[in-house]
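Novice: Got input-v4.cif for you, mmCIF, C-alpha atoms:
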```
data_structure
loop_
_atom_site.label_atom_id
_atom_site.label_comp_id
_atom_site.auth_asym_id
_atom_site.auth_seq_id
_atom_site.Cartn_x
_atom_site.Cartn_y
_atom_site.Cartn_z
CA MET A 1001 159.62 108.13 265.23
CA ARG A 1002 158.38 105.21 267.32
CA THR A 1003 155.16 104.82 269.22
CA THR A 1004 154.10 102.46 271.99
CA VAL A 1005 151.30 99.98 271.37
CA SER A 1006 149.59 97.97 274.07
CA MET A 1007 147.10 95.19 273.51
CA THR A 1008 146.01 91.85 274.86
CA VAL A 1009 147.35 88.98 272.77
CA ASN A 1010 146.15 85.46 273.55
CA GLY A 1011 144.94 86.63 276.96
CA ARG A 1012 148.24 88.32 277.88
CA SER A 1013 148.85 92.06 278.09
CA VAL A 1014 151.72 93.13 275.84
CA SER A 1015 153.30 96.46 275.09
CA ASP A 1016 156.16 97.46 272.82
CA GLU A 1017 157.48 100.30 270.70
CA VAL A 1018 156.91 100.15 266.94
CA GLU A 1019 157.25 102.38 263.94
CA PRO A 1020 153.79 103.73 263.01
CA ARG A 1021 153.89 101.79 259.70
CA THR A 1022 154.45 98.39 261.41
CA LEU A 1023 151.82 95.88 260.34
CA LEU A 1024 150.05 93.80 262.96
CA VAL A 1025 151.48 90.63 261.38
CA GLN A 1026 155.01 92.04 261.76
CA PHE A 1027 154.34 93.00 265.36
CA LEU A 1028 153.06 89.51 266.18
CA ARG A 1029 155.88 87.70 264.40
CA ASP A 1030 158.86 89.98 265.02
CA ASN A 1031 158.12 91.63 268.34
CA LEU A 1032 156.16 88.86 270.07
CA ARG A 1033 157.71 85.86 268.25
CA LEU A 1034 154.26 84.40 267.51
CA THR A 1035 155.21 82.86 264.19
CA GLY A 1036 152.05 80.80 263.65
CA THR A 1037 150.56 83.80 261.88
CA HIS A 1038 152.08 83.50 258.41
CA VAL A 1039 152.90 86.05 255.73
CA GLY A 1040 151.98 84.54 252.40
CA CYS A 1041 151.48 87.41 250.01
CA ASP A 1042 151.83 90.91 251.57
CA THR A 1043 148.80 91.98 249.53
CA SER A 1044 145.88 90.72 251.64
CA GLN A 1045 145.06 88.04 249.06
CA CYS A 1046 145.93 84.71 250.70
CA GLY A 1047 144.57 84.75 254.26
CA ALA A 1048 147.58 83.02 255.84
CA CYS A 1049 147.81 85.90 258.33
CA VAL A 1050 144.24 85.78 259.67
CA VAL A 1051 143.91 86.49 263.39
CA HIS A 1052 140.95 87.60 265.48
CA VAL A 1053 140.77 91.20 266.68
CA ASP A 1054 138.00 91.77 269.20
CA GLY A 1055 136.52 88.42 268.13
CA LYS A 1056 136.44 89.00 264.37
CA SER A 1057 138.67 87.69 261.60
CA VAL A 1058 141.19 90.21 260.35
CA LYS A 1059 144.02 89.85 257.87
CA ALA A 1060 146.94 90.96 260.00
CA CYS A 1061 148.88 92.06 256.92
CA SER A 1062 146.26 94.72 256.22
CA MET A 1063 146.10 96.21 259.71
CA LEU A 1064 148.66 98.39 261.42
CA ALA A 1065 149.83 97.43 264.90
CA VAL A 1066 148.75 100.90 266.12
CA GLN A 1067 145.20 100.08 264.97
CA ALA A 1068 145.21 97.14 267.38
CA ASP A 1069 146.25 99.35 270.30
CA GLY A 1070 143.98 98.65 273.27
CA ARG A 1071 142.29 95.73 271.54
CA GLU A 1072 142.06 91.97 272.08
CA VAL A 1073 144.03 89.85 269.58
CA LEU A 1074 143.82 86.07 269.31
CA THR A 1075 146.32 84.12 267.21
CA ILE A 1076 146.54 80.43 266.36
CA GLU A 1077 148.89 80.00 269.35
CA GLY A 1078 146.13 81.14 271.70
CA LEU A 1079 143.48 78.60 270.63
CA ALA A 1080 144.57 75.48 272.48
CA GLU A 1081 143.67 75.34 276.18
CA ASP A 1082 145.41 73.21 278.77
CA GLY A 1083 147.18 71.23 276.03
CA GLU A 1084 143.88 70.44 274.27
CA LEU A 1085 143.46 71.52 270.67
CA HIS A 1086 140.56 73.84 269.91
CA PRO A 1087 137.73 71.78 268.33
CA MET A 1088 138.45 73.37 264.93
CA GLN A 1089 142.16 72.54 265.17
CA ALA A 1090 141.27 68.96 266.12
CA ALA A 1091 138.84 68.72 263.18
CA PHE A 1092 141.51 69.89 260.72
CA LYS A 1093 143.85 67.24 262.11
CA GLU A 1094 141.25 64.46 262.12
CA HIS A 1095 139.81 65.20 258.68
CA HIS A 1096 143.12 65.93 256.92
CA GLY A 1097 142.29 69.59 256.29
CA LEU A 1098 145.94 70.42 255.75
CA GLN A 1099 148.87 69.33 253.68
CA CYS A 1100 151.93 71.57 253.88
CA GLY A 1101 150.31 73.52 256.73
CA PHE A 1102 151.29 77.00 255.58
CA CYS A 1103 147.71 78.25 255.12
CA THR A 1104 146.33 76.22 258.03
CA PRO A 1105 146.58 78.83 260.82
CA GLY A 1106 144.67 81.37 258.72
CA MET A 1107 142.17 78.72 257.60
CA VAL A 1108 141.49 77.64 261.19
CA MET A 1109 141.09 81.22 262.41
CA SER A 1110 138.77 82.00 259.49
CA ALA A 1111 136.83 78.76 260.07
CA ILE A 1112 136.13 79.69 263.69
CA ASP A 1113 134.77 83.05 262.55
CA ILE A 1114 132.65 81.33 259.88
CA VAL A 1115 131.09 79.10 262.55
CA LYS A 1116 130.37 82.13 264.74
CA GLN A 1117 128.39 83.60 261.84
CA HIS A 1118 126.90 80.30 260.63
CA PRO A 1119 126.74 77.76 263.51
CA ASP A 1120 125.62 75.01 261.12
CA PRO A 1121 127.32 76.11 257.88
CA THR A 1122 126.49 74.61 254.53
CA GLU A 1123 129.24 73.69 252.10
CA ALA A 1124 128.26 76.69 249.95
CA GLU A 1125 128.50 79.07 252.94
CA ILE A 1126 131.90 77.68 253.87
CA ARG A 1127 133.27 77.92 250.33
CA GLU A 1128 131.97 81.47 249.92
CA SER A 1129 133.37 82.53 253.29
CA LEU A 1130 136.79 81.05 252.45
CA GLU A 1131 137.16 83.07 249.24
CA GLY A 1132 139.85 85.21 250.91
CA ASN A 1133 141.92 82.19 251.98
CA LEU A 1134 144.15 80.41 249.51
CA CYS A 1135 145.49 76.88 249.77
CA ARG A 1136 147.90 75.83 247.10
CA CYS A 1137 148.05 72.16 248.12
CA THR A 1138 144.50 70.90 248.54
CA GLY A 1139 141.32 71.00 246.53
CA TYR A 1140 139.56 72.42 249.62
CA HIS A 1141 137.43 69.27 249.95
CA ASN A 1142 139.02 68.20 253.25
CA ILE A 1143 139.14 71.78 254.49
CA VAL A 1144 135.38 72.07 254.01
CA LYS A 1145 134.91 68.65 255.66
CA SER A 1146 137.05 69.80 258.58
CA ILE A 1147 135.04 72.98 259.06
CA VAL A 1148 131.73 71.06 259.00
CA ALA A 1149 133.11 68.67 261.65
CA GLY A 1150 134.60 71.48 263.71
CA ALA A 1151 131.30 73.37 263.61
CA LYS A 1152 129.46 70.30 264.85
CA THR A 1153 131.86 69.90 267.78
CA MET A 1154 131.73 73.62 268.58
CA ARG A 1155 127.92 73.47 268.71
CA GLY A 1156 128.21 70.68 271.27
#
```
Could I get this structure in the form of structure tokens?
Specialist:
Amino acid sequence: MRTTVSMTVNGRSVSDEVEPRTLLVQFLRDNLRLTGTHVGCDTSQCGACVVHVDGKSVKACSMLAVQADGREVLTIEGLAEDGELHPMQAAFKEHHGLQCGFCTPGMVMSAIDIVKQHPDPTEAEIRESLEGNLCRCTGYHNIVKSIVAGAKTMRG
């Protein structure tokens, strides 16, 4: 049995048929070919699959595509505008907040949500908020530095 889901992804209306058990991350990657959202664990532990649904961070491996029906989804591919990196993406690049890059899309999406909640986040707030995002390459120091810098730019 298949069902049709319709949603807005990165500002574009999309619709497709899925099995009811299809995860949002599978829908994004397999149906829409938006492969910036990564699957790192399949158990909602690593945060590599974080996207925004209706403006809030969600682990796309823990949400069914049918649950996103009629909603607004933003992925890492939808952040840049007119060829310009989002301020948080630019901060990660400038402050070396990535190494292999696998966790980076989820980190950036989570970081933007952190800044929405804490416009001038402290290191402790950032570290606590990132508890659901794993990076196996860094010691998080440059990730935290990147989020502080990104927050400053986002504030203006």
Novice: Hey, what's within 12 Å of A:Ala1091 if we count all atoms listed in the file and toss same-chain stuff fewer than 2 positions away? As a PyMOL selection string, please?
Specialist: chain A and resi 1085-1089+1093-1098+1104+1107-1108+1111-1112+1142-1154
Novice: One decimal, Å: what's the distance from atom CA of A:Thr1003 over to atom CA of A:Gln1026, could you say?
Specialist: 14.8 Å
Novice: With distances taken over all atoms listed in the file, which of A:Asp1120, A:Glu1077, A:Glu1019, A:Glu1125 is nearest to A:Gly1106?
Specialist: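 With all atoms listed in the file as the atom set, the closest residue is A:Glu1077.
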Novice: Rounded to one decimal place, report the atom CA of A:Leu1079-atom CA of A:Ser1057 distance in Å.
Specialist: 13.7 Å
Novice: Between atom CA of A:Val1050 and atom CA of A:Ser1013, measure the distance and give it in Å to one decimal.
Specialist: 20.0 Å
Novice: Step by step, work through what the PyMOL selection byres ((chain A and resi 1004) around 7) selects in the shown file, and finish by giving those residues as an NGL selection string.
Specialist: :A and (1002-1003 or 1005-1006 or 1015-1018)
Novice: Which residues, written as a PyMOL selection string, have at least one atom at most 8 Å from stretch 1129-1134 of chain A, with all atoms listed in the file counted and residues fewer than 6 positions away on the same chain left out?
Specialist: chain A and resi 1045-1048+1103+1106-1107+1110-1111+1114
Novice: As a check of understanding, name the residues that the PyMOL selection byres ((chain A and resi 1036) around 8) selects in the supplied structure, as a count of residues only.
Specialist: 9
Novice: Which one is closest to A:Asp1042: A:Cys1061, A:Asp1054, A:Asp1030, A:Ala1080? Count only C-alpha atoms.
Specialist: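 The closest residue to A:Asp1042 is A:Cys1061.
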Novice: I need the residue nearest A:Arg1071 from this list: A:Thr1122, A:Gln1099, A:Asn1010, A:Asn1031. Use only C-alpha atoms for the distance.
Specialist: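 Under the stated criterion, the closest residue is A:Asn1010.
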